[in-house]
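Student: There's a structure below that I have some questions on.
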Amino acid sequence: MKIISKMALAAVFSVGLVGQSYAAECIAPANPGGGWDFTCRSITKIMHDIGAVDDPIQVTNMAGGGGGLAFTHVVNERNTDDALIVAASTATATRLAQNAYSGMTSDQVRFLGAIGADPGVIVVAKDSPYKNLNDLLDAVIADPSKHAFAGGSAAGGYDHLKVLMALKRKGFTDIKKVKYIGVDGDADAITQTVGGFTAAMTGDISGVVGFIKSGDVRVLASFTDERIPGFESIPTAKEQGIDVVAVNWRGLYTPKGASDASYNKWTEALRKVGASAEWKEAMMANGLAPFNKVGGDFQSYVDGVIGEVRAMSTELGVMK
C-alpha cells in the first residue's frame, strides 16, 4: 500500500480550483478503459476545458478489489487531502453496503455527486404476454415459482436487487422466492429472455440497445426519474406507480477529512461540468442519461441506496 501511495502521489500535477491552489488528482479505481476510468478522464478534462479548474487534473489508475484498494488508500492515507477526488458508481455503493471492502464503510468518505447514469431497465421478449411493469410484477407475486429474471450481475448484485426493490414497492416481502439467474453480462441475460428461459431481463439500457432496435425485445420500464433521451417511448417505473430509481450512476467521492471549503469547490466544479454542452456530448457518445445529484442531495441518495441494499442483501443471505 505504501508503494502504491508513493507512486500515486508522485504522479500528481500541481493544479488549482478557481481562486485556490491545489495539487489535484482523480483516482480511477480500475485499469484504463473501464467506467471509472471514463468518469475520471472525461469529467476532469471537461472541468479544465470549461474553466472550472485552472489546470489539467492528473488521473491515476489504482485497480484492485473492485474499487476496494483505492477506497482503503483514500481512507487510510489520504483522509485530509483537499485536492483528491475518486471515481465511483452504483457498484461502489453496492459493495460498501455488502461489506465487500473488508470493514470499510460509506461514512468514511464524502460523496460529491453524480452527473450521468446508465439507466436500469426491465425487458421482456417481443412476444411476451406482459405489456407493462405491473403486469409482470403482479404475475411474479401471484406465483414466484413460475417466473425468473436474468441479469448480468451475480445473485445479490444490483441487477438482482433492483427487481426486488420494485416488488417491495408492490408490497411483496418474501424476496427469497424470486428466481434470478446471474450470467456474464447484459447480452447473455437478454439471450436467456429472448430464448424463453426467463420471463424478463434486468439490466442497463446500454446493454440492450441493439436488441431494442432489432425488435427482439420490449422494454417495460426504465428505473429513472424521467424518460430516457432517445428512448422516450419507454415509460418509467415511477409513471407506473413503482417508485424506484435504479441507475448505474457515474460520480465522485472525496476524503472524509477534507475541508468543507474543498468539498464546496469540488461540488461547484462538478455542477458546472454537469450543466455543460461538453458533458452532454460525452453522455450521448457513451450511452448515458442525465442524472444530476450533487452535494448533500447526492449524499442522501447514496445513503438511502446503501441502506436498502444492505437490508435486502441480509434478507437474501448474501451478507450477515
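Ordering of the C-alpha cells sets the chain letters (A, B, ...); residue numbers start at 1 within each chain; ligands are numbered from 1 in the order shown.
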Fewer than 6 positions away in the same chain doesn't count, so skip those; otherwise give me all residues within 10 Å of Val121 (chain A), counting only C-alpha atoms, as a short mmCIF file (atom, residue, chain, number, x, y, z; two decimals) with all heavy atoms, in the first residue's frame.

Tutor:
data_model
loop_
_atom_site.label_atom_id
_atom_site.label_comp_id
_atom_site.auth_asym_id
_atom_site.auth_seq_id
_atom_site.Cartn_x
_atom_site.Cartn_y
_atom_site.Cartn_z
N ASP A 159 -28.32 -5.70 -10.44
CA ASP A 159 -29.37 -6.11 -11.38
C ASP A 159 -30.45 -6.92 -10.66
O ASP A 159 -31.65 -6.75 -10.92
CB ASP A 159 -28.78 -6.93 -12.52
CG ASP A 159 -28.03 -6.09 -13.53
OD1 ASP A 159 -28.26 -4.86 -13.57
OD2 ASP A 159 -27.20 -6.64 -14.27
N LYS A 162 -32.52 -4.52 -7.99
CA LYS A 162 -33.50 -3.53 -8.44
C LYS A 162 -34.85 -4.16 -8.76
O LYS A 162 -35.90 -3.51 -8.59
CB LYS A 162 -32.96 -2.71 -9.61
CG LYS A 162 -32.53 -3.43 -10.84
CD LYS A 162 -31.70 -2.47 -11.70
CE LYS A 162 -31.05 -3.14 -12.86
NZ LYS A 162 -30.02 -2.31 -13.50
N VAL A 163 -34.86 -5.42 -9.17
CA VAL A 163 -36.13 -6.13 -9.34
C VAL A 163 -36.82 -6.29 -7.99
O VAL A 163 -38.03 -6.10 -7.85
CB VAL A 163 -35.90 -7.52 -9.98
CG1 VAL A 163 -37.16 -8.34 -9.94
CG2 VAL A 163 -35.40 -7.36 -11.40
N MET A 201 -35.61 -9.74 -18.37
CA MET A 201 -34.20 -9.42 -18.14
C MET A 201 -34.12 -8.12 -17.37
O MET A 201 -34.87 -7.17 -17.61
CB MET A 201 -33.50 -9.29 -19.49
CG MET A 201 -32.05 -8.85 -19.41
SD MET A 201 -31.90 -7.05 -19.61
CE MET A 201 -30.11 -6.90 -19.76
N THR A 202 -33.21 -8.07 -16.41
CA THR A 202 -32.95 -6.85 -15.66
C THR A 202 -31.53 -6.41 -15.92
O THR A 202 -30.59 -7.19 -15.76
CB THR A 202 -33.18 -7.07 -14.15
OG1 THR A 202 -32.62 -5.97 -13.41
CG2 THR A 202 -32.55 -8.36 -13.64
N GLY A 203 -31.36 -5.18 -16.39
CA GLY A 203 -30.02 -4.72 -16.73
C GLY A 203 -30.02 -3.23 -16.98
O GLY A 203 -30.82 -2.50 -16.40
N ASP A 204 -29.11 -2.77 -17.83
CA ASP A 204 -28.99 -1.36 -18.16
C ASP A 204 -29.31 -1.15 -19.64
O ASP A 204 -29.10 -2.04 -20.46
CB ASP A 204 -27.58 -0.85 -17.85
CG ASP A 204 -27.25 -0.94 -16.37
OD1 ASP A 204 -28.15 -0.71 -15.55
OD2 ASP A 204 -26.09 -1.26 -16.04
N ILE A 205 -29.77 0.03 -19.96
CA ILE A 205 -30.22 0.32 -21.32
C ILE A 205 -29.08 0.12 -22.33
O ILE A 205 -29.31 -0.35 -23.46
CB ILE A 205 -30.79 1.76 -21.42
CG1 ILE A 205 -31.46 2.00 -22.79
CG2 ILE A 205 -29.73 2.79 -21.16
CD1 ILE A 205 -32.76 1.31 -22.98
N SER A 206 -27.85 0.44 -21.93
CA SER A 206 -26.74 0.33 -22.89
C SER A 206 -26.52 -1.09 -23.37
O SER A 206 -26.03 -1.31 -24.48
CB SER A 206 -25.44 0.85 -22.25
OG SER A 206 -25.08 0.08 -21.13
N GLY A 207 -26.90 -2.07 -22.55
CA GLY A 207 -26.68 -3.47 -22.91
C GLY A 207 -27.74 -4.07 -23.80
O GLY A 207 -27.58 -5.20 -24.27
N VAL A 208 -28.83 -3.33 -24.04
CA VAL A 208 -29.94 -3.91 -24.81
C VAL A 208 -30.34 -3.07 -26.02
O VAL A 208 -31.31 -3.39 -26.69
CB VAL A 208 -31.18 -4.14 -23.90
CG1 VAL A 208 -30.85 -5.11 -22.79
CG2 VAL A 208 -31.70 -2.83 -23.32
N VAL A 219 -39.13 -3.05 -23.84
CA VAL A 219 -38.74 -2.56 -22.51
C VAL A 219 -40.00 -2.12 -21.77
O VAL A 219 -40.71 -1.22 -22.22
CB VAL A 219 -37.74 -1.38 -22.62
CG1 VAL A 219 -37.30 -0.94 -21.23
CG2 VAL A 219 -36.53 -1.78 -23.46
N LEU A 220 -40.26 -2.79 -20.64
CA LEU A 220 -41.47 -2.48 -19.88
C LEU A 220 -41.33 -1.21 -19.07
O LEU A 220 -42.32 -0.51 -18.82
CB LEU A 220 -41.82 -3.64 -18.94
CG LEU A 220 -42.13 -4.98 -19.60
CD1 LEU A 220 -42.58 -5.98 -18.53
CD2 LEU A 220 -43.21 -4.84 -20.67
N ALA A 221 -40.10 -0.91 -18.62
CA ALA A 221 -39.91 0.27 -17.77
C ALA A 221 -38.44 0.61 -17.66
O ALA A 221 -37.56 -0.25 -17.75
CB ALA A 221 -40.48 0.01 -16.38
N SER A 222 -38.18 1.88 -17.46
CA SER A 222 -36.84 2.34 -17.06
C SER A 222 -36.93 2.78 -15.60
O SER A 222 -37.94 3.31 -15.16
CB SER A 222 -36.38 3.51 -17.92
OG SER A 222 -37.19 4.67 -17.70
N PHE A 223 -35.86 2.52 -14.87
CA PHE A 223 -35.81 2.92 -13.45
C PHE A 223 -35.14 4.28 -13.34
O PHE A 223 -34.06 4.42 -12.75
CB PHE A 223 -35.07 1.86 -12.63
CG PHE A 223 -35.82 0.56 -12.48
CD1 PHE A 223 -35.27 -0.62 -12.93
CD2 PHE A 223 -37.07 0.54 -11.90
CE1 PHE A 223 -35.96 -1.82 -12.79
CE2 PHE A 223 -37.77 -0.65 -11.75
CZ PHE A 223 -37.22 -1.83 -12.19
N THR A 224 -35.78 5.28 -13.91
CA THR A 224 -35.25 6.63 -13.95
C THR A 224 -36.31 7.63 -13.50
O THR A 224 -37.50 7.32 -13.49
CB THR A 224 -34.79 6.99 -15.37
OG1 THR A 224 -35.85 6.68 -16.30
CG2 THR A 224 -33.55 6.21 -15.77
N ILE A 234 -40.33 4.60 -23.88
CA ILE A 234 -40.25 3.70 -22.74
C ILE A 234 -40.74 4.42 -21.48
O ILE A 234 -40.14 5.42 -21.07
CB ILE A 234 -38.80 3.22 -22.51
CG1 ILE A 234 -38.27 2.48 -23.74
CG2 ILE A 234 -38.71 2.34 -21.27
CD1 ILE A 234 -36.79 2.15 -23.68
N THR A 236 -41.32 5.21 -17.51
CA THR A 236 -40.55 4.96 -16.28
C THR A 236 -41.37 4.08 -15.34
O THR A 236 -42.60 4.00 -15.44
CB THR A 236 -40.21 6.27 -15.56
OG1 THR A 236 -41.42 6.86 -15.06
CG2 THR A 236 -39.52 7.24 -16.49
N ALA A 237 -40.67 3.44 -14.42
CA ALA A 237 -41.36 2.68 -13.38
C ALA A 237 -42.21 3.62 -12.52
O ALA A 237 -43.33 3.27 -12.12
CB ALA A 237 -40.34 1.94 -12.51
N ALA A 246 -33.23 3.29 -10.12
CA ALA A 246 -32.10 2.36 -10.02
C ALA A 246 -31.26 2.50 -11.28
O ALA A 246 -31.61 1.98 -12.33
CB ALA A 246 -32.59 0.92 -9.85
N VAL A 247 -30.18 3.22 -11.15
CA VAL A 247 -29.32 3.50 -12.30
C VAL A 247 -27.87 3.22 -11.91
O VAL A 247 -27.51 3.21 -10.74
CB VAL A 247 -29.46 4.98 -12.74
CG1 VAL A 247 -30.88 5.29 -13.18
CG2 VAL A 247 -29.01 5.93 -11.64
#

Student: Excluding same-chain residues fewer than 5 positions from region 315-317 of chain A, what lies within 10 Å of it counting only C-alpha atoms, as a ChimeraX atom specification?

Tutor: /A:155-156,161,173-177,309-310

Student: For a quick check of understanding, using only C-alpha atoms, which of A:Val109, A:Leu136, A:Val302, A:Met47 has the smallest distance to Asp81 (chain A)?

Tutor: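 Closest to Asp81 (chain A), using only C-alpha atoms: A:Val109.
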
Student: Could you give me, as JSON, numbers by chain, each residue of region 98-264 of chain A that DSSP assigns to helix (DSSP H, G or I) when run on this structure's backbone?

Tutor: {"A": [106, 107, 108, 133, 134, 135, 136, 137, 138, 139, 140, 141, 142, 144, 145, 146, 158, 159, 160, 161, 162, 163, 164, 165, 166, 167, 168, 169, 175, 176, 177, 186, 187, 188, 189, 190, 191, 192, 193, 194, 205, 206, 207, 209, 210, 211, 212, 213, 214, 238, 239, 240, 260, 261, 262, 263, 264]}

Student: Let me make sure I understand: among A:Asn99, A:Thr90, A:Ser300, A:Ser145, which one has the smallest atom-to-atom distance to Lys320 (chain A) if we use only C-alpha atoms?

Tutor: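 The closest residue to Lys320 (chain A) is A:Asn99.
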
Student: DSSP on the backbone, then: every residue of region 96-313 of chain A marked strand (DSSP E or B), written as number ranges by chain.

Tutor: A: 109-125, 148-151, 179-182, 200-204, 217-222, 236, 247-255, 289, 293-294

Student: Set the distance at 12 Å and use only C-alpha atoms: which residues neighbour Phe211 (chain A) once local chain neighbours fewer than 5 positions away are removed? I'd like the list as number ranges by chain.

Tutor: A: 123-126, 186-191, 193-194, 201, 205-206, 216-219

Student: How would the residues just chosen look if you wrote them out with N, CA, C and O atoms as a PDB file, in the first residue's frame?

Tutor:
ATOM      1  N   VAL A 123     -36.787  -5.737 -19.212  1.00  0.00           N
ATOM      2  CA  VAL A 123     -37.009  -6.058 -20.623  1.00  0.00           C
ATOM      3  C   VAL A 123     -37.647  -7.435 -20.753  1.00  0.00           C
ATOM      4  O   VAL A 123     -37.281  -8.360 -20.022  1.00  0.00           O
ATOM      5  N   VAL A 124     -38.596  -7.555 -21.680  1.00  0.00           N
ATOM      6  CA  VAL A 124     -39.203  -8.856 -21.991  1.00  0.00           C
ATOM      7  C   VAL A 124     -39.050  -9.132 -23.484  1.00  0.00           C
ATOM      8  O   VAL A 124     -38.766  -8.220 -24.268  1.00  0.00           O
ATOM      9  N   ALA A 125     -39.244 -10.383 -23.871  1.00  0.00           N
ATOM     10  CA  ALA A 125     -39.203 -10.743 -25.286  1.00  0.00           C
ATOM     11  C   ALA A 125     -40.370 -10.101 -26.019  1.00  0.00           C
ATOM     12  O   ALA A 125     -41.402  -9.776 -25.432  1.00  0.00           O
ATOM     13  N   LYS A 126     -40.226  -9.947 -27.336  1.00  0.00           N
ATOM     14  CA  LYS A 126     -41.235  -9.229 -28.119  1.00  0.00           C
ATOM     15  C   LYS A 126     -42.609  -9.883 -28.065  1.00  0.00           C
ATOM     16  O   LYS A 126     -43.633  -9.197 -28.173  1.00  0.00           O
ATOM     17  N   ASP A 186     -25.002  -8.246 -19.792  1.00  0.00           N
ATOM     18  CA  ASP A 186     -26.361  -7.998 -20.276  1.00  0.00           C
ATOM     19  C   ASP A 186     -26.696  -8.810 -21.518  1.00  0.00           C
ATOM     20  O   ASP A 186     -27.838  -9.252 -21.702  1.00  0.00           O
ATOM     21  N   ALA A 187     -25.724  -9.009 -22.405  1.00  0.00           N
ATOM     22  CA  ALA A 187     -26.004  -9.727 -23.653  1.00  0.00           C
ATOM     23  C   ALA A 187     -26.445 -11.164 -23.365  1.00  0.00           C
ATOM     24  O   ALA A 187     -27.408 -11.663 -23.967  1.00  0.00           O
ATOM     25  N   ASP A 188     -25.753 -11.830 -22.449  1.00  0.00           N
ATOM     26  CA  ASP A 188     -26.140 -13.195 -22.079  1.00  0.00           C
ATOM     27  C   ASP A 188     -27.503 -13.206 -21.392  1.00  0.00           C
ATOM     28  O   ASP A 188     -28.306 -14.122 -21.581  1.00  0.00           O
ATOM     29  N   ALA A 189     -27.755 -12.174 -20.592  1.00  0.00           N
ATOM     30  CA  ALA A 189     -29.038 -12.109 -19.877  1.00  0.00           C
ATOM     31  C   ALA A 189     -30.200 -11.939 -20.846  1.00  0.00           C
ATOM     32  O   ALA A 189     -31.240 -12.596 -20.715  1.00  0.00           O
ATOM     33  N   ILE A 190     -30.024 -11.073 -21.837  1.00  0.00           N
ATOM     34  CA  ILE A 190     -31.114 -10.860 -22.778  1.00  0.00           C
ATOM     35  C   ILE A 190     -31.323 -12.094 -23.651  1.00  0.00           C
ATOM     36  O   ILE A 190     -32.453 -12.416 -24.046  1.00  0.00           O
ATOM     37  N   THR A 191     -30.268 -12.837 -23.930  1.00  0.00           N
ATOM     38  CA  THR A 191     -30.397 -14.076 -24.692  1.00  0.00           C
ATOM     39  C   THR A 191     -31.263 -15.084 -23.941  1.00  0.00           C
ATOM     40  O   THR A 191     -32.077 -15.804 -24.551  1.00  0.00           O
ATOM     41  N   THR A 193     -33.696 -14.357 -21.999  1.00  0.00           N
ATOM     42  CA  THR A 193     -35.091 -13.900 -22.064  1.00  0.00           C
ATOM     43  C   THR A 193     -35.667 -14.077 -23.467  1.00  0.00           C
ATOM     44  O   THR A 193     -36.792 -14.569 -23.633  1.00  0.00           O
ATOM     45  N   VAL A 194     -34.906 -13.696 -24.479  1.00  0.00           N
ATOM     46  CA  VAL A 194     -35.380 -13.863 -25.854  1.00  0.00           C
ATOM     47  C   VAL A 194     -35.612 -15.342 -26.162  1.00  0.00           C
ATOM     48  O   VAL A 194     -36.540 -15.709 -26.886  1.00  0.00           O
ATOM     49  N   MET A 201     -35.611  -9.737 -18.368  1.00  0.00           N
ATOM     50  CA  MET A 201     -34.204  -9.422 -18.141  1.00  0.00           C
ATOM     51  C   MET A 201     -34.120  -8.120 -17.367  1.00  0.00           C
ATOM     52  O   MET A 201     -34.872  -7.175 -17.611  1.00  0.00           O
ATOM     53  N   ILE A 205     -29.773   0.035 -19.961  1.00  0.00           N
ATOM     54  CA  ILE A 205     -30.215   0.321 -21.321  1.00  0.00           C
ATOM     55  C   ILE A 205     -29.081   0.125 -22.333  1.00  0.00           C
ATOM     56  O   ILE A 205     -29.309  -0.353 -23.455  1.00  0.00           O
ATOM     57  N   SER A 206     -27.846   0.437 -21.935  1.00  0.00           N
ATOM     58  CA  SER A 206     -26.736   0.329 -22.886  1.00  0.00           C
ATOM     59  C   SER A 206     -26.524  -1.093 -23.371  1.00  0.00           C
ATOM     60  O   SER A 206     -26.027  -1.311 -24.475  1.00  0.00           O
ATOM     61  N   ASP A 216     -36.388  -7.441 -31.126  1.00  0.00           N
ATOM     62  CA  ASP A 216     -36.453  -8.720 -30.409  1.00  0.00           C
ATOM     63  C   ASP A 216     -37.022  -8.589 -29.000  1.00  0.00           C
ATOM     64  O   ASP A 216     -37.439  -9.585 -28.406  1.00  0.00           O
ATOM     65  N   VAL A 217     -37.022  -7.387 -28.463  1.00  0.00           N
ATOM     66  CA  VAL A 217     -37.474  -7.200 -27.083  1.00  0.00           C
ATOM     67  C   VAL A 217     -38.361  -5.966 -26.963  1.00  0.00           C
ATOM     68  O   VAL A 217     -38.396  -5.108 -27.857  1.00  0.00           O
ATOM     69  N   ARG A 218     -39.049  -5.901 -25.838  1.00  0.00           N
ATOM     70  CA  ARG A 218     -39.796  -4.708 -25.436  1.00  0.00           C
ATOM     71  C   ARG A 218     -39.327  -4.318 -24.038  1.00  0.00           C
ATOM     72  O   ARG A 218     -39.174  -5.186 -23.167  1.00  0.00           O
ATOM     73  N   VAL A 219     -39.127  -3.045 -23.838  1.00  0.00           N
ATOM     74  CA  VAL A 219     -38.735  -2.558 -22.514  1.00  0.00           C
ATOM     75  C   VAL A 219     -40.001  -2.121 -21.773  1.00  0.00           C
ATOM     76  O   VAL A 219     -40.710  -1.221 -22.221  1.00  0.00           O
TER      77      VAL A 219
END

Student: Please measure the separation of CA of Asn248 (chain A) and CA of Pro119 (chain A), giving the value in Å to one decimal.

Tutor: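 Computing the Euclidean distance for CA of Asn248 (chain A) and CA of Pro119 (chain A) yields 6.3 Å.
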
Student: Work out how far apart CA of Asp243 (chain A) and CA of Lys168 (chain A) are and give it in Å to one decimal.

Tutor: 10.1 Å
